[in-house]
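Student: My structure is below; once you've seen it, I'll send some questions.
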Amino acid sequence: MAITFLFCLFLMRFFYIQVIWEDDLNARAIDQWTREIPVSARRGNIYDRNGELLAGNIAAYSVYARANAVTDAEATASLLAGALSLSYEELLGKLTDGSRSEIVLVRRAEKSVVESIEGADLAGVYYARDDRRFYPYGSLACQVLGFTSYDGAGSTGLEQYYNEYLAGDRGEILFETDLVGVDLEGASAAYIPGTDGLDIRLTLDYRIQALAEEVMGRALTEYSAKAARAIVLDTTDFSVLAMVNLPSYDLNDIPRNDLTALNALSRNALVSDVYEPGSTFKIITAAANIEEYLQGNADAYAMNRVFSSSRTRTVDGTTIRCWSDHANGKHSNQTLAEALNNSCNPCFVDIALALGKETFYDYLAAFRFGRATGLDFSGEAIGMLLPESTLRDCDFARIGFGQTIAVTPLQLACASAAAVNGGYYYAPHLVESISTAEGATVWRLQPSLVGRTVSEEASRILSSMLEGVVRDGSGKKAYIEGYRIAGKTGTAQKYEDGHIAQGKYVSSFVGYFPADAPRYLALVIVDEPQGSYYGSTVAAPCAREIFEGIIETLHLPPAEE
């Protein structure tokens, strides 16, 4: 019985080794008999919506050595030191270190460098393709595109978010060797090709991106601002046409040695940072008010209802003032359209209080404040929206004109678009399609409707009012003769440590055209401009220049009379 048991035990062990463990043992054997030189796969290119290359590759090579296969270390080190501009002593140390297998001597060397050593036929020295990432437009859309790490993996931006598609799978060059790593005589190398990464085509238009960066660059300089930002959105499907964050940096000359500067410059603040939007938020309050009026809410202010001409409102003992002194009849007897034109805060306090917290918060949820928009980009902030249950009336009143709420610029741009495009909120996106290098489409974006915000009628009425803001009100400097431009200005004070930071403002303007059939929306933000700081004088002209550039670039005809 014991002999039978031992026989069965040995039989089971043989079965385990021969059948179950077979693949693992074969892999270990191949690993002992061969040495591998990695071959990087071609990283996928990134194009704009027109097929313009924004991120590509330059041919480069990495040089490797296997000390056990080097036959003349001194001569090899001498030749490589000159060709690779490396220390002879350092190279000699590596080439005589038999304890290591493959040693990387240099990464991403130019082809001419490899050609200079290729003819020498150095034993134990090898090279493999290891392309270098290249950005033809340097700093263009740098925070959106992002960059790769030293090993070629995506580190930030779209390079990181879509790394799974861009990276591909690396290949190998296999050399048969003995146990100490010396090449076997007569053995040939085996090449296992890698799988190239996929190409991605963005919704960005490099022409609109470039002109927006030029406009915002002038504003940054003219007003000695801390930052200048802009986002251009297609209101019909929320595809992002441009994203500008200034100051910026050159993707071909990344400041990797200064991590503080790199983190600041590479941050896509339009997606990741929040701010109090100020009067641009009145678009949302007005949209909610109009929709409630159309739905028969008796407490909602009708379009022609006159607001109190008082400069102040007192809520919970807190006094809220209009920016105007209301002298000489200014801001008296205002309708909703006039309140938008004049950007009168007390009127929007009245609207918020009339709507009530529950109703107004329902609209804030429909416009997706306090949650991510769903952009295909890492690090999106959700903003700051106080819980309805803990909200004081004085704080709630301020939300009506864009205080006591913090949003990302992307959130505000999307919400504004959804207020004027008929009430349709789409998931914003940066990538239009993914394809192979040969052009075969692997994936194509289909616009995704997230939800409704207001009715088409409310949206139409609101848009006609916002057109009046540009034609007759605070947004006049965004006006373009022959084109129906609409929008809203904003001038918000900044807070530091819970207190108003004296002399620090955020100037902004959100506008779009054509007003009767919205297509191109731009949100412009100038952070801490010096001298003039009103959104009407600082940000609105920037939006006009961006719109003029779009009109010229896309050859858009003026509105019909």
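Residue names in the structure tokens use chain letters A, B, ... in the order shown, residue numbers from 1 in each chain, and ligand numbers from 1 in the order shown.
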Can you tell me, as a ChimeraX atom specification, which residues in region 52-216 of chain A count as strand (DSSP E or B) by DSSP?
Tutor: /A:53-58,61-66,102-109,125-129,132-134,148,154,169,171-177,183,190-192,195,199-202
Student: Give me the residues within 8 Å of region 285-300 of chain A as JSON, numbers by chain, counting only C-alpha atoms and dropping any in the same chain fewer than 3 places off.
Tutor: {"A": [281, 282, 303, 336, 348, 351, 352, 354, 355, 360, 363, 400, 401, 419, 454, 455, 458, 459, 461, 462]}
Student: Please, could you write that set of residues out with C-alpha atoms as a PDB file, in the first residue's frame?
Tutor:
```pdb
ATOM      1  CA  PHE A 281     -23.475  83.249 -13.368  1.00  0.00           C
ATOM      2  CA  LYS A 282     -26.516  85.495 -13.792  1.00  0.00           C
ATOM      3  CA  MET A 303     -39.802  89.388 -18.208  1.00  0.00           C
ATOM      4  CA  LEU A 336     -35.126  91.307 -16.342  1.00  0.00           C
ATOM      5  CA  PHE A 348     -30.784  88.646  -8.965  1.00  0.00           C
ATOM      6  CA  ILE A 351     -34.937  86.260  -8.278  1.00  0.00           C
ATOM      7  CA  ALA A 352     -33.079  83.697  -6.163  1.00  0.00           C
ATOM      8  CA  ALA A 354     -38.419  84.284  -5.168  1.00  0.00           C
ATOM      9  CA  LEU A 355     -37.488  80.909  -6.660  1.00  0.00           C
ATOM     10  CA  PHE A 360     -33.189  76.907  -7.517  1.00  0.00           C
ATOM     11  CA  TYR A 363     -31.867  73.991 -11.572  1.00  0.00           C
ATOM     12  CA  GLY A 400     -28.113  84.356  -7.454  1.00  0.00           C
ATOM     13  CA  PHE A 401     -25.368  86.686  -8.720  1.00  0.00           C
ATOM     14  CA  ALA A 419     -28.841  77.593 -21.201  1.00  0.00           C
ATOM     15  CA  VAL A 454     -34.635  74.574 -19.624  1.00  0.00           C
ATOM     16  CA  SER A 455     -37.143  74.546 -22.454  1.00  0.00           C
ATOM     17  CA  ALA A 458     -36.918  79.786 -22.253  1.00  0.00           C
ATOM     18  CA  SER A 459     -33.581  79.377 -23.978  1.00  0.00           C
ATOM     19  CA  ILE A 461     -35.977  84.304 -24.646  1.00  0.00           C
ATOM     20  CA  LEU A 462     -32.772  84.265 -22.603  1.00  0.00           C
TER      21      LEU A 462
END
```
Student: Give me, as a PDB file with N, CA and C atoms, in the first residue's frame, the residues of region 18-254 of chain A that a backbone DSSP run labels helix (DSSP H, G or I).
Tutor:
```
ATOM      1  N   GLN A  18       5.051  18.265 -15.993  1.00  0.00           N
ATOM      2  CA  GLN A  18       5.003  18.115 -17.443  1.00  0.00           C
ATOM      3  C   GLN A  18       3.825  18.852 -18.086  1.00  0.00           C
ATOM      4  N   VAL A  19       2.703  18.970 -17.380  1.00  0.00           N
ATOM      5  CA  VAL A  19       1.496  19.518 -17.987  1.00  0.00           C
ATOM      6  C   VAL A  19       1.143  20.900 -17.417  1.00  0.00           C
ATOM      7  N   ILE A  20       0.934  20.939 -16.114  1.00  0.00           N
ATOM      8  CA  ILE A  20       0.447  22.181 -15.508  1.00  0.00           C
ATOM      9  C   ILE A  20       1.548  23.244 -15.468  1.00  0.00           C
ATOM     10  N   GLU A  22       4.180  23.412 -17.348  1.00  0.00           N
ATOM     11  CA  GLU A  22       4.936  23.423 -18.597  1.00  0.00           C
ATOM     12  C   GLU A  22       5.217  24.834 -19.110  1.00  0.00           C
ATOM     13  N   ASP A  23       4.182  25.649 -19.214  1.00  0.00           N
ATOM     14  CA  ASP A  23       4.361  26.988 -19.782  1.00  0.00           C
ATOM     15  C   ASP A  23       5.315  27.825 -18.952  1.00  0.00           C
ATOM     16  N   ASP A  24       5.180  27.753 -17.640  1.00  0.00           N
ATOM     17  CA  ASP A  24       6.047  28.547 -16.769  1.00  0.00           C
ATOM     18  C   ASP A  24       7.500  28.096 -16.874  1.00  0.00           C
ATOM     19  N   LEU A  25       7.728  26.799 -16.926  1.00  0.00           N
ATOM     20  CA  LEU A  25       9.093  26.288 -17.029  1.00  0.00           C
ATOM     21  C   LEU A  25       9.705  26.630 -18.378  1.00  0.00           C
ATOM     22  N   ASN A  26       8.896  26.555 -19.439  1.00  0.00           N
ATOM     23  CA  ASN A  26       9.408  26.936 -20.757  1.00  0.00           C
ATOM     24  C   ASN A  26       9.826  28.403 -20.775  1.00  0.00           C
ATOM     25  N   ALA A  27       9.015  29.239 -20.136  1.00  0.00           N
ATOM     26  CA  ALA A  27       9.343  30.665 -20.085  1.00  0.00           C
ATOM     27  C   ALA A  27      10.639  30.897 -19.322  1.00  0.00           C
ATOM     28  N   ARG A  28      10.816  30.151 -18.214  1.00  0.00           N
ATOM     29  CA  ARG A  28      12.054  30.301 -17.433  1.00  0.00           C
ATOM     30  C   ARG A  28      13.263  29.831 -18.239  1.00  0.00           C
ATOM     31  N   ALA A  29      13.080  28.765 -18.984  1.00  0.00           N
ATOM     32  CA  ALA A  29      14.191  28.245 -19.781  1.00  0.00           C
ATOM     33  C   ALA A  29      14.583  29.231 -20.869  1.00  0.00           C
ATOM     34  N   ILE A  30      13.565  29.774 -21.552  1.00  0.00           N
ATOM     35  CA  ILE A  30      13.855  30.755 -22.602  1.00  0.00           C
ATOM     36  C   ILE A  30      14.540  31.969 -22.005  1.00  0.00           C
ATOM     37  N   ASP A  31      14.124  32.372 -20.791  1.00  0.00           N
ATOM     38  CA  ASP A  31      14.742  33.525 -20.141  1.00  0.00           C
ATOM     39  C   ASP A  31      16.213  33.254 -19.827  1.00  0.00           C
ATOM     40  N   GLN A  32      16.554  32.006 -19.493  1.00  0.00           N
ATOM     41  CA  GLN A  32      17.948  31.655 -19.202  1.00  0.00           C
ATOM     42  C   GLN A  32      18.773  31.540 -20.482  1.00  0.00           C
ATOM     43  N   TRP A  33      18.164  31.100 -21.554  1.00  0.00           N
ATOM     44  CA  TRP A  33      18.904  30.862 -22.794  1.00  0.00           C
ATOM     45  C   TRP A  33      19.017  32.105 -23.674  1.00  0.00           C
ATOM     46  N   ALA A  67      27.697  43.196 -20.591  1.00  0.00           N
ATOM     47  CA  ALA A  67      29.111  43.118 -20.217  1.00  0.00           C
ATOM     48  C   ALA A  67      29.716  41.753 -20.508  1.00  0.00           C
ATOM     49  N   ASN A  68      28.961  40.675 -20.267  1.00  0.00           N
ATOM     50  CA  ASN A  68      29.507  39.336 -20.468  1.00  0.00           C
ATOM     51  C   ASN A  68      29.765  39.006 -21.933  1.00  0.00           C
ATOM     52  N   ALA A  69      29.144  39.789 -22.821  1.00  0.00           N
ATOM     53  CA  ALA A  69      29.333  39.530 -24.245  1.00  0.00           C
ATOM     54  C   ALA A  69      30.359  40.477 -24.878  1.00  0.00           C
ATOM     55  N   ALA A  73      36.678  45.398 -23.589  1.00  0.00           N
ATOM     56  CA  ALA A  73      35.991  46.454 -22.863  1.00  0.00           C
ATOM     57  C   ALA A  73      36.660  47.817 -23.046  1.00  0.00           C
ATOM     58  N   GLU A  74      38.000  47.849 -23.023  1.00  0.00           N
ATOM     59  CA  GLU A  74      38.701  49.126 -23.106  1.00  0.00           C
ATOM     60  C   GLU A  74      38.504  49.789 -24.463  1.00  0.00           C
ATOM     61  N   ALA A  75      38.665  49.012 -25.534  1.00  0.00           N
ATOM     62  CA  ALA A  75      38.485  49.567 -26.872  1.00  0.00           C
ATOM     63  C   ALA A  75      37.034  49.979 -27.103  1.00  0.00           C
ATOM     64  N   THR A  76      36.092  49.164 -26.592  1.00  0.00           N
ATOM     65  CA  THR A  76      34.668  49.476 -26.741  1.00  0.00           C
ATOM     66  C   THR A  76      34.315  50.753 -25.989  1.00  0.00           C
ATOM     67  N   ALA A  77      34.826  50.880 -24.752  1.00  0.00           N
ATOM     68  CA  ALA A  77      34.550  52.079 -23.953  1.00  0.00           C
ATOM     69  C   ALA A  77      35.133  53.320 -24.602  1.00  0.00           C
ATOM     70  N   SER A  78      36.301  53.180 -25.186  1.00  0.00           N
ATOM     71  CA  SER A  78      36.955  54.322 -25.839  1.00  0.00           C
ATOM     72  C   SER A  78      36.135  54.807 -27.031  1.00  0.00           C
ATOM     73  N   LEU A  79      35.669  53.871 -27.864  1.00  0.00           N
ATOM     74  CA  LEU A  79      34.899  54.265 -29.044  1.00  0.00           C
ATOM     75  C   LEU A  79      33.542  54.855 -28.651  1.00  0.00           C
ATOM     76  N   LEU A  80      32.878  54.200 -27.673  1.00  0.00           N
ATOM     77  CA  LEU A  80      31.559  54.678 -27.273  1.00  0.00           C
ATOM     78  C   LEU A  80      31.621  56.023 -26.565  1.00  0.00           C
ATOM     79  N   ALA A  81      32.689  56.273 -25.810  1.00  0.00           N
ATOM     80  CA  ALA A  81      32.824  57.542 -25.086  1.00  0.00           C
ATOM     81  C   ALA A  81      32.804  58.711 -26.059  1.00  0.00           C
ATOM     82  N   GLY A  82      33.481  58.546 -27.185  1.00  0.00           N
ATOM     83  CA  GLY A  82      33.500  59.614 -28.180  1.00  0.00           C
ATOM     84  C   GLY A  82      32.185  59.747 -28.922  1.00  0.00           C
ATOM     85  N   ALA A  83      31.580  58.612 -29.263  1.00  0.00           N
ATOM     86  CA  ALA A  83      30.349  58.646 -30.052  1.00  0.00           C
ATOM     87  C   ALA A  83      29.146  59.101 -29.233  1.00  0.00           C
ATOM     88  N   LEU A  84      29.126  58.705 -27.955  1.00  0.00           N
ATOM     89  CA  LEU A  84      27.959  58.998 -27.126  1.00  0.00           C
ATOM     90  C   LEU A  84      28.172  60.181 -26.186  1.00  0.00           C
ATOM     91  N   TYR A  88      34.613  57.985 -20.304  1.00  0.00           N
ATOM     92  CA  TYR A  88      35.287  56.709 -20.591  1.00  0.00           C
ATOM     93  C   TYR A  88      35.299  55.838 -19.342  1.00  0.00           C
ATOM     94  N   GLU A  89      35.659  56.413 -18.190  1.00  0.00           N
ATOM     95  CA  GLU A  89      35.741  55.637 -16.949  1.00  0.00           C
ATOM     96  C   GLU A  89      34.392  55.059 -16.570  1.00  0.00           C
ATOM     97  N   GLU A  90      33.342  55.853 -16.734  1.00  0.00           N
ATOM     98  CA  GLU A  90      32.009  55.376 -16.400  1.00  0.00           C
ATOM     99  C   GLU A  90      31.583  54.237 -17.320  1.00  0.00           C
ATOM    100  N   LEU A  91      31.860  54.387 -18.596  1.00  0.00           N
ATOM    101  CA  LEU A  91      31.521  53.332 -19.547  1.00  0.00           C
ATOM    102  C   LEU A  91      32.312  52.058 -19.274  1.00  0.00           C
ATOM    103  N   LEU A  92      33.602  52.217 -18.997  1.00  0.00           N
ATOM    104  CA  LEU A  92      34.441  51.046 -18.730  1.00  0.00           C
ATOM    105  C   LEU A  92      33.928  50.282 -17.517  1.00  0.00           C
ATOM    106  N   GLY A  93      33.486  51.020 -16.496  1.00  0.00           N
ATOM    107  CA  GLY A  93      32.933  50.374 -15.305  1.00  0.00           C
ATOM    108  C   GLY A  93      31.697  49.563 -15.626  1.00  0.00           C
ATOM    109  N   LYS A  94      30.841  50.107 -16.486  1.00  0.00           N
ATOM    110  CA  LYS A  94      29.616  49.387 -16.856  1.00  0.00           C
ATOM    111  C   LYS A  94      29.929  48.165 -17.707  1.00  0.00           C
ATOM    112  N   LEU A  95      30.881  48.313 -18.621  1.00  0.00           N
ATOM    113  CA  LEU A  95      31.175  47.228 -19.552  1.00  0.00           C
ATOM    114  C   LEU A  95      31.929  46.084 -18.896  1.00  0.00           C
ATOM    115  N   LYS A 111      19.728  59.230 -34.836  1.00  0.00           N
ATOM    116  CA  LYS A 111      20.106  58.151 -35.736  1.00  0.00           C
ATOM    117  C   LYS A 111      21.573  58.255 -36.150  1.00  0.00           C
ATOM    118  N   SER A 112      22.077  59.465 -36.326  1.00  0.00           N
ATOM    119  CA  SER A 112      23.468  59.652 -36.743  1.00  0.00           C
ATOM    120  C   SER A 112      24.440  59.112 -35.708  1.00  0.00           C
ATOM    121  N   VAL A 113      24.059  59.191 -34.423  1.00  0.00           N
ATOM    122  CA  VAL A 113      24.912  58.668 -33.353  1.00  0.00           C
ATOM    123  C   VAL A 113      25.015  57.151 -33.472  1.00  0.00           C
ATOM    124  N   VAL A 114      23.876  56.515 -33.689  1.00  0.00           N
ATOM    125  CA  VAL A 114      23.865  55.057 -33.816  1.00  0.00           C
ATOM    126  C   VAL A 114      24.650  54.625 -35.053  1.00  0.00           C
ATOM    127  N   GLU A 115      24.510  55.373 -36.130  1.00  0.00           N
ATOM    128  CA  GLU A 115      25.225  55.036 -37.359  1.00  0.00           C
ATOM    129  C   GLU A 115      26.727  55.122 -37.177  1.00  0.00           C
ATOM    130  N   SER A 116      27.191  55.998 -36.281  1.00  0.00           N
ATOM    131  CA  SER A 116      28.624  56.163 -36.055  1.00  0.00           C
ATOM    132  C   SER A 116      29.252  54.964 -35.352  1.00  0.00           C
ATOM    133  N   ILE A 117      28.443  54.186 -34.625  1.00  0.00           N
ATOM    134  CA  ILE A 117      28.990  53.016 -33.924  1.00  0.00           C
ATOM    135  C   ILE A 117      28.573  51.706 -34.591  1.00  0.00           C
ATOM    136  N   GLU A 118      27.581  51.793 -35.475  1.00  0.00           N
ATOM    137  CA  GLU A 118      27.070  50.582 -36.099  1.00  0.00           C
ATOM    138  C   GLU A 118      28.140  49.870 -36.919  1.00  0.00           C
ATOM    139  N   CYS A 142      -0.532  73.169 -24.536  1.00  0.00           N
ATOM    140  CA  CYS A 142       0.383  72.286 -23.797  1.00  0.00           C
ATOM    141  C   CYS A 142      -0.283  71.623 -22.596  1.00  0.00           C
ATOM    142  N   GLN A 143      -1.158  72.339 -21.884  1.00  0.00           N
ATOM    143  CA  GLN A 143      -1.804  71.719 -20.717  1.00  0.00           C
ATOM    144  C   GLN A 143      -2.835  70.683 -21.130  1.00  0.00           C
ATOM    145  N   VAL A 144      -3.352  70.798 -22.325  1.00  0.00           N
ATOM    146  CA  VAL A 144      -4.331  69.823 -22.817  1.00  0.00           C
ATOM    147  C   VAL A 144      -3.623  68.580 -23.339  1.00  0.00           C
ATOM    148  N   LEU A 145      -2.615  68.775 -24.172  1.00  0.00           N
ATOM    149  CA  LEU A 145      -1.891  67.629 -24.728  1.00  0.00           C
ATOM    150  C   LEU A 145      -1.144  66.865 -23.649  1.00  0.00           C
ATOM    151  N   GLY A 157      -2.115  65.346 -18.944  1.00  0.00           N
ATOM    152  CA  GLY A 157      -2.983  65.688 -20.061  1.00  0.00           C
ATOM    153  C   GLY A 157      -3.527  64.488 -20.815  1.00  0.00           C
ATOM    154  N   LEU A 158      -3.800  64.705 -22.088  1.00  0.00           N
ATOM    155  CA  LEU A 158      -4.331  63.628 -22.918  1.00  0.00           C
ATOM    156  C   LEU A 158      -3.311  62.533 -23.147  1.00  0.00           C
ATOM    157  N   GLU A 159      -2.030  62.864 -23.090  1.00  0.00           N
ATOM    158  CA  GLU A 159      -0.989  61.836 -23.199  1.00  0.00           C
ATOM    159  C   GLU A 159      -1.176  60.792 -22.095  1.00  0.00           C
ATOM    160  N   GLN A 160      -1.599  61.244 -20.927  1.00  0.00           N
ATOM    161  CA  GLN A 160      -1.832  60.322 -19.824  1.00  0.00           C
ATOM    162  C   GLN A 160      -3.211  59.667 -19.926  1.00  0.00           C
ATOM    163  N   TYR A 161      -4.241  60.480 -20.155  1.00  0.00           N
ATOM    164  CA  TYR A 161      -5.611  59.964 -20.140  1.00  0.00           C
ATOM    165  C   TYR A 161      -5.810  58.873 -21.192  1.00  0.00           C
ATOM    166  N   ASN A 163      -3.290  57.128 -22.629  1.00  0.00           N
ATOM    167  CA  ASN A 163      -2.037  56.391 -22.758  1.00  0.00           C
ATOM    168  C   ASN A 163      -2.269  54.946 -23.187  1.00  0.00           C
ATOM    169  N   GLU A 164      -3.328  54.342 -22.705  1.00  0.00           N
ATOM    170  CA  GLU A 164      -3.630  52.942 -23.049  1.00  0.00           C
ATOM    171  C   GLU A 164      -3.728  52.753 -24.564  1.00  0.00           C
ATOM    172  N   TYR A 165      -4.258  53.746 -25.253  1.00  0.00           N
ATOM    173  CA  TYR A 165      -4.420  53.666 -26.703  1.00  0.00           C
ATOM    174  C   TYR A 165      -3.168  54.138 -27.443  1.00  0.00           C
ATOM    175  N   LEU A 166      -2.516  55.158 -26.914  1.00  0.00           N
ATOM    176  CA  LEU A 166      -1.362  55.742 -27.589  1.00  0.00           C
ATOM    177  C   LEU A 166      -0.112  54.877 -27.474  1.00  0.00           C
ATOM    178  N   TYR A 206      -6.619  73.639 -34.250  1.00  0.00           N
ATOM    179  CA  TYR A 206      -5.357  74.309 -33.928  1.00  0.00           C
ATOM    180  C   TYR A 206      -5.372  75.775 -34.343  1.00  0.00           C
ATOM    181  N   ARG A 207      -6.167  76.115 -35.357  1.00  0.00           N
ATOM    182  CA  ARG A 207      -6.247  77.517 -35.791  1.00  0.00           C
ATOM    183  C   ARG A 207      -6.958  78.368 -34.747  1.00  0.00           C
ATOM    184  N   ILE A 208      -8.063  77.860 -34.211  1.00  0.00           N
ATOM    185  CA  ILE A 208      -8.791  78.582 -33.168  1.00  0.00           C
ATOM    186  C   ILE A 208      -7.976  78.602 -31.885  1.00  0.00           C
ATOM    187  N   GLN A 209      -7.313  77.478 -31.580  1.00  0.00           N
ATOM    188  CA  GLN A 209      -6.448  77.420 -30.405  1.00  0.00           C
ATOM    189  C   GLN A 209      -5.338  78.461 -30.501  1.00  0.00           C
ATOM    190  N   ALA A 210      -4.706  78.557 -31.656  1.00  0.00           N
ATOM    191  CA  ALA A 210      -3.588  79.497 -31.826  1.00  0.00           C
ATOM    192  C   ALA A 210      -4.047  80.939 -31.724  1.00  0.00           C
ATOM    193  N   LEU A 211      -5.170  81.268 -32.339  1.00  0.00           N
ATOM    194  CA  LEU A 211      -5.623  82.659 -32.289  1.00  0.00           C
ATOM    195  C   LEU A 211      -6.094  83.023 -30.879  1.00  0.00           C
ATOM    196  N   ALA A 212      -6.718  82.070 -30.175  1.00  0.00           N
ATOM    197  CA  ALA A 212      -7.150  82.332 -28.799  1.00  0.00           C
ATOM    198  C   ALA A 212      -5.939  82.530 -27.885  1.00  0.00           C
ATOM    199  N   GLU A 213      -4.888  81.738 -28.088  1.00  0.00           N
ATOM    200  CA  GLU A 213      -3.677  81.907 -27.290  1.00  0.00           C
ATOM    201  C   GLU A 213      -3.027  83.263 -27.578  1.00  0.00           C
ATOM    202  N   GLU A 214      -3.055  83.683 -28.821  1.00  0.00           N
ATOM    203  CA  GLU A 214      -2.478  84.984 -29.171  1.00  0.00           C
ATOM    204  C   GLU A 214      -3.247  86.117 -28.497  1.00  0.00           C
ATOM    205  N   VAL A 215      -4.576  86.044 -28.541  1.00  0.00           N
ATOM    206  CA  VAL A 215      -5.411  87.078 -27.924  1.00  0.00           C
ATOM    207  C   VAL A 215      -5.187  87.122 -26.417  1.00  0.00           C
ATOM    208  N   MET A 216      -5.214  85.959 -25.784  1.00  0.00           N
ATOM    209  CA  MET A 216      -5.061  85.928 -24.328  1.00  0.00           C
ATOM    210  C   MET A 216      -3.635  86.282 -23.906  1.00  0.00           C
ATOM    211  N   GLY A 217      -2.664  86.009 -24.767  1.00  0.00           N
ATOM    212  CA  GLY A 217      -1.290  86.399 -24.477  1.00  0.00           C
ATOM    213  C   GLY A 217      -1.144  87.908 -24.422  1.00  0.00           C
ATOM    214  N   ARG A 218      -1.830  88.614 -25.321  1.00  0.00           N
ATOM    215  CA  ARG A 218      -1.795  90.074 -25.295  1.00  0.00           C
ATOM    216  C   ARG A 218      -2.446  90.615 -24.030  1.00  0.00           C
ATOM    217  N   ALA A 219      -3.563  89.995 -23.626  1.00  0.00           N
ATOM    218  CA  ALA A 219      -4.243  90.436 -22.400  1.00  0.00           C
ATOM    219  C   ALA A 219      -3.368  90.201 -21.174  1.00  0.00           C
ATOM    220  N   LEU A 220      -2.684  89.059 -21.149  1.00  0.00           N
ATOM    221  CA  LEU A 220      -1.799  88.737 -20.030  1.00  0.00           C
ATOM    222  C   LEU A 220      -0.724  89.814 -19.875  1.00  0.00           C
ATOM    223  N   THR A 221      -0.168  90.248 -20.997  1.00  0.00           N
ATOM    224  CA  THR A 221       0.890  91.263 -20.976  1.00  0.00           C
ATOM    225  C   THR A 221       0.338  92.648 -20.701  1.00  0.00           C
ATOM    226  N   GLU A 222      -0.740  93.009 -21.406  1.00  0.00           N
ATOM    227  CA  GLU A 222      -1.282  94.363 -21.292  1.00  0.00           C
ATOM    228  C   GLU A 222      -1.731  94.684 -19.875  1.00  0.00           C
TER     229      GLU A 222
END
```
Student: Calculate how many Å separate CA of Glu358 (chain A) from CA of Ala486 (chain A), rounding to one decimal.
Tutor: 29.5 Å
Student: So how far away is CA of Ala153 (chain A) from CA of Arg170 (chain A), in Å?
Tutor: 11.8 Å
Student: I'd like the neighbourhood of Ser435 (chain A) as JSON, numbers by chain, where a residue qualifies if any of its atoms comes within 10 Å (using only C-alpha atoms), though same-chain residues fewer than 4 positions away should be ignored.
Tutor: {"A": [44, 45, 165, 197, 198, 199, 200, 201, 439, 440, 441, 442, 443, 444]}
Student: Would you mind telling me which residue in A:Ser279, A:Asp97, A:Ile320, A:Gln334 lies nearest to Ser536 (chain A) when using only C-alpha atoms?
Tutor: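 Selected residue with least distance to Ser536 (chain A): A:Ser279.
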Student: Between A:Pro514, A:Gly475, A:Gly503, A:Gly422, which is the closest to Lys488 (chain A) once you count only C-alpha atoms?
Tutor: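 Going through A:Pro514, A:Gly475, A:Gly503, A:Gly422 one by one, the smallest distance to Lys488 (chain A) is for A:Gly475.
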Student: I'd like the interatomic distance between CA of Ala365 (chain A) and CA of Ala415 (chain A), to a tenth of an Å.
Tutor: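 These two atoms are separated by 10.5 Å.
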Student: Leaving out Tyr249 (chain A) and any residue of its chain fewer than 4 positions from it, which residues lie within 8 Å of it when counting only C-alpha atoms, given as a list in words?
Tutor: Gly138, Ser139, Cys142, Asp253, Ile254, Leu265 and Ser266 of chain A
Student: Write the residues of the selection above to a file with N, CA and C atoms, as a short mmCIF file (atom, residue, chain, number, x, y, z; two decimals), in the first residue's frame.
Tutor:
```cif
data_model
loop_
_atom_site.label_atom_id
_atom_site.label_comp_id
_atom_site.auth_asym_id
_atom_site.auth_seq_id
_atom_site.Cartn_x
_atom_site.Cartn_y
_atom_site.Cartn_z
N GLY A 138 5.12 73.37 -30.26
CA GLY A 138 5.74 73.80 -29.01
C GLY A 138 4.79 73.92 -27.85
N SER A 139 4.39 75.14 -27.53
CA SER A 139 3.57 75.38 -26.35
C SER A 139 2.07 75.32 -26.64
N CYS A 142 -0.53 73.17 -24.54
CA CYS A 142 0.38 72.29 -23.80
C CYS A 142 -0.28 71.62 -22.60
N ASP A 253 10.62 71.45 -24.44
CA ASP A 253 11.64 71.89 -23.48
C ASP A 253 11.00 71.96 -22.10
N ILE A 254 10.60 70.81 -21.61
CA ILE A 254 9.85 70.71 -20.35
C ILE A 254 10.77 71.00 -19.16
N LEU A 265 2.70 75.21 -14.35
CA LEU A 265 2.55 75.50 -15.77
C LEU A 265 1.79 74.42 -16.53
N SER A 266 1.85 73.18 -16.05
CA SER A 266 1.21 72.08 -16.77
C SER A 266 -0.22 71.82 -16.31
#
```
Student: Please determine, counting only C-alpha atoms, which residue among A:Lys476, A:Arg256, A:Arg108, A:Lys494 has the shortest atom-to-atom distance to Glu276 (chain A).
Tutor: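 Result for the nearest residue to Glu276 (chain A): A:Lys494.
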Student: May I have the residues within 9 Å of Ala337 (chain A) as a list in words, using only C-alpha atoms and disregarding those fewer than 6 positions away in the same chain?
Tutor: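 Once the adjacent positions are removed, what remains is Met303, Asn304, Leu462, Ser464, Met465, Leu466, Gly468 and Val469 of chain A.
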Student: Could the residues in this selection be written to a file with C-alpha atoms, as a CSV table (one decimal), in the first residue's frame?
Tutor:
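Saved result, out-v1.csv, follows:
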```csv
chain,number,residue,atom,x,y,z
A,303,MET,CA,-39.8,89.4,-18.2
A,304,ASN,CA,-41.4,92.8,-18.0
A,462,LEU,CA,-32.8,84.3,-22.6
A,464,SER,CA,-32.5,87.5,-27.0
A,465,MET,CA,-31.8,89.2,-23.7
A,466,LEU,CA,-28.1,88.3,-23.7
A,468,GLY,CA,-29.2,92.9,-25.8
A,469,VAL,CA,-26.4,92.9,-23.2
```
